[in-house]
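Student: Next up is a structure, given as structure tokens.
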Amino acid sequence: MIYAMSDIHGCMKEFGEALDGVDLTDRTSKLILLGDYCDQGPESLQVYRKIMELQRLYPGQVIALRGNHEEMLIEYVDNVHDEGYTRGWMLADSDLATARSFLGAEGLREVKHLLALRRFEDAYKLTVDRMKKGHGEVLAWIRQLPYTYESPFGQVFVHAGIDEEAGEWWKVGTPVEFFTEMRPEHIGESFYLDIIAGHVSTEAASGIPGHRGIWHDGASHYYVDGDVLKNRSVAVLRYDEKTGRYSGEGLIEDL
């Protein structure tokens, strides 16, 4: 069995509930995580550490891909010496949702104090310094996350999308930003691989008001819902290698 999830966004409770339906004990099943583990929700660091723990417990069975929010987090860390990026940091991490999960109570108090004094650059630098010193191994793990995973069953898993116009050359022909930021562009079109992606809500991908869970466009695209904050759940797509069939909440079985 292959399981796929996407866009956990710091929501540890919902992630844990989704994991309750995942069985990796047979040592052959895989869990493919499609990126965007941080931001918005309150427990970004805890989500990262849980994924790292799963990879230790089930070596080779848990594949974690990077999303645009992983890209943003690395940019957040790497631009600490650019004073012009400070406002970008403040806007990107709304209510310090991600920073506070890395900082701890004492660090958060210091950062809030600096912000109250309008010492924004110092607050930014302190945050990144605490992240690097306290959780450097997590940041190093994020940096090595791949953009895609191609299964032996004619599937490519990715956070957002690939350049389908490149055909069989998609691996080298897809601009990096497509992997993490591409919006649905080829709905209803066939590709030689099934493309399993997240990044957007399935309501947006399908155009069906209120749709949640998994959505298949009837051709080559399966979207795993990316709106955990609205739906309060992390969707799970399942693929049975023996039958070649997909299943999951919201997915209408192919006839």
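For the structure tokens, the naming scheme is as follows: chains receive sequential letters (A, B, ...) according to their order of presentation, residues are indexed from 1 within each chain, and ligands are indexed from 1 in presentation order.
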Taking only residues of region 99-134 of chain A that have an atom at most 10 Å from an atom of region 73-78 of chain A, what is each one's shortest atom pair and its distance in Å to one decimal, using only C-alpha atoms, in chain and number order, as CSV?

Tutor:
residue,atom,partner,partner_atom,distance
A:Ala99,CA,A:Leu73,CA,9.9
A:Tyr124,CA,A:Tyr76,CA,9.2
A:Lys125,CA,A:Val77,CA,9.0
A:Thr127,CA,A:Val77,CA,9.0
A:Val128,CA,A:Val77,CA,5.9
A:Asp129,CA,A:Val77,CA,8.8
A:Met131,CA,A:Val77,CA,8.4
A:Lys132,CA,A:Val77,CA,8.3

Student: Can you tell me, as number ranges by chain, what residues are no more than 7 Å from Gln61 (chain A) when counting only C-alpha atoms, ignoring any on the same chain fewer than 3 positions away?

Tutor: A: 29-31, 58

Student: Once you have the residues from the selection above, write them out as an mmCIF file, in the first residue's frame, restricted to N, CA, C and O atoms.

Tutor:
data_model
loop_
_atom_site.group_PDB
_atom_site.id
_atom_site.type_symbol
_atom_site.label_atom_id
_atom_site.label_comp_id
_atom_site.auth_asym_id
_atom_site.auth_seq_id
_atom_site.Cartn_x
_atom_site.Cartn_y
_atom_site.Cartn_z
ATOM 1 N N SER A 29 4.931 -1.303 2.710
ATOM 2 C CA SER A 29 4.111 -0.125 2.439
ATOM 3 C C SER A 29 4.955 1.139 2.551
ATOM 4 O O SER A 29 5.989 1.156 3.214
ATOM 5 N N LYS A 30 4.489 2.187 1.887
ATOM 6 C CA LYS A 30 5.190 3.458 1.927
ATOM 7 C C LYS A 30 4.236 4.586 2.280
ATOM 8 O O LYS A 30 3.055 4.537 1.946
ATOM 9 N N LEU A 31 4.786 5.592 2.947
ATOM 10 C CA LEU A 31 4.073 6.838 3.214
ATOM 11 C C LEU A 31 4.816 7.947 2.491
ATOM 12 O O LEU A 31 6.002 8.183 2.750
ATOM 13 N N TYR A 58 10.935 3.516 10.275
ATOM 14 C CA TYR A 58 10.592 2.762 9.065
ATOM 15 C C TYR A 58 11.527 3.162 7.926
ATOM 16 O O TYR A 58 11.125 3.835 6.977
#

Student: For a quick check of understanding, using only C-alpha atoms, which of A:Arg238, A:Arg119, A:Arg212, A:His9 has the smallest distance to Asn68 (chain A)?

Tutor: A:His9

Student: Can you list, as a ChimeraX atom specification, all residues belonging to region 39-191 of chain A that DSSP tags as helix (DSSP H, G or I)?

Tutor: /A:44-57,68-78,83-92,94-116,120-143,164-173,176-181

Student: Under the rule that only C-alpha atoms are counted, which of A:Phe120, A:Gly218, A:Ala205, A:Asp39 is the nearest residue to Gly88 (chain A)?

Tutor: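 Residue with the minimum atom-to-atom distance to Gly88 (chain A): A:Phe120.
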
Student: Skipping near chain neighbours, those fewer than 5 positions away, what residues fall within 8 Å of region 248-251 of chain A using only C-alpha atoms, listed as a PyMOL selection string?

Tutor: chain A and resi 211-216+235-238

Student: Please save N, CA, C and O atoms of the selected residues as a CSV table (one decimal), in the first residue's frame.

Tutor:
chain,number,residue,atom,x,y,z
A,211,HIS,N,-15.8,20.7,-1.8
A,211,HIS,CA,-15.1,19.4,-1.9
A,211,HIS,C,-13.9,19.4,-1.0
A,211,HIS,O,-13.2,20.4,-0.8
A,212,ARG,N,-13.7,18.2,-0.4
A,212,ARG,CA,-12.5,18.0,0.5
A,212,ARG,C,-12.0,16.6,0.3
A,212,ARG,O,-12.7,15.8,-0.3
A,213,GLY,N,-10.8,16.4,0.8
A,213,GLY,CA,-10.2,15.1,0.7
A,213,GLY,C,-9.4,14.9,-0.5
A,213,GLY,O,-8.5,15.7,-0.8
A,214,ILE,N,-9.7,13.9,-1.4
A,214,ILE,CA,-9.0,13.7,-2.6
A,214,ILE,C,-9.8,14.0,-3.8
A,214,ILE,O,-11.1,13.8,-3.8
A,215,TRP,N,-9.2,14.5,-4.9
A,215,TRP,CA,-9.9,14.7,-6.1
A,215,TRP,C,-9.1,14.2,-7.3
A,215,TRP,O,-7.9,14.5,-7.4
A,216,HIS,N,-9.8,13.4,-8.2
A,216,HIS,CA,-9.2,12.9,-9.4
A,216,HIS,C,-9.9,13.6,-10.6
A,216,HIS,O,-11.1,13.7,-10.6
A,235,ALA,N,-5.9,14.9,4.7
A,235,ALA,CA,-6.4,13.9,3.8
A,235,ALA,C,-5.4,12.8,3.5
A,235,ALA,O,-4.2,13.1,3.5
A,236,VAL,N,-5.8,11.6,3.3
A,236,VAL,CA,-4.9,10.5,3.0
A,236,VAL,C,-5.4,9.8,1.7
A,236,VAL,O,-6.5,9.4,1.6
A,237,LEU,N,-4.5,9.8,0.7
A,237,LEU,CA,-4.8,9.1,-0.5
A,237,LEU,C,-4.1,7.7,-0.4
A,237,LEU,O,-3.0,7.6,0.1
A,238,ARG,N,-4.8,6.6,-0.7
A,238,ARG,CA,-4.3,5.3,-0.7
A,238,ARG,C,-4.2,4.7,-2.1
A,238,ARG,O,-5.1,4.9,-2.9

Student: Determine, using only C-alpha atoms, which residues of region 41-114 of chain A have any atom at most 9 Å from an atom of region 159-167 of chain A, and tabulate each with its shortest atom pair and distance in Å to one decimal place, rows ordered by chain and then rising number, as a tab-separated table.

Tutor:
residue	atom	partner	partner_atom	distance
A:Leu65	CA	A:His159	CA	7.1
A:Arg66	CA	A:His159	CA	6.8
A:Gly67	CA	A:His159	CA	5.4
A:Asn68	CA	A:His159	CA	7.9

Student: Show me, as a count of residues only, the residues that have an atom within 9 Å of Leu103 (chain A) when counting only C-alpha atoms, minus same-chain residues fewer than 3 positions from it.

Tutor: 11

Student: Between A:Glu71, A:Asp82, A:Asp194, A:Asp227, which has the minimum distance to Gly41 (chain A) (counting only C-alpha atoms)?

Tutor: A:Asp227

Student: Kindly indicate which residue among A:Gly244, A:Pro146, A:Pro42, A:Gly198 lies nearest to Val224 (chain A), using only C-alpha atoms for the distances.

Tutor: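 Closest to Val224 (chain A) of all the choices is A:Gly198.
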
Student: Please, what distance in Å, to one decimal, runs between CA of Gly226 (chain A) and CA of Asp26 (chain A)?

Tutor: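 Atom-to-atom, CA of Gly226 (chain A) and CA of Asp26 (chain A) are spaced 28.1 Å apart.
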
Student: Could you check which of A:Tyr147, A:Tyr48, A:Phe153, A:Trp169 is closest to His135 (chain A), using only C-alpha atoms?

Tutor: A:Tyr48

Student: Taking into account only C-alpha atoms, which residue in the set A:Gly16, A:Phe102, A:Ile8, A:Glu189 is nearest to Leu139 (chain A)?

Tutor: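 Nearest to Leu139 (chain A): A:Phe102.
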
Student: When DSSP works through the backbone of this structure, what residues of region 25-174 of chain A end up as strand (DSSP E), shown as a list in words?

Tutor: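 Across region 25-174 of chain A, those assigned strand (DSSP E) are Lys30, Leu31, Ile32, Leu33, Val62, Ile63, Ala64, Thr148, Tyr149, Glu150, Ser151, Gln155, Val156, Phe157 and Val158 of chain A.
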
Student: When you look at Glu168 (chain A) with a cut-off of 12 Å (counting only C-alpha atoms), what residues show up, excluding the ones that are within fewer than 6 positions of it in the same chain? I need them as a PyMOL selection string.

Tutor: chain A and resi 156+162+174+191-193
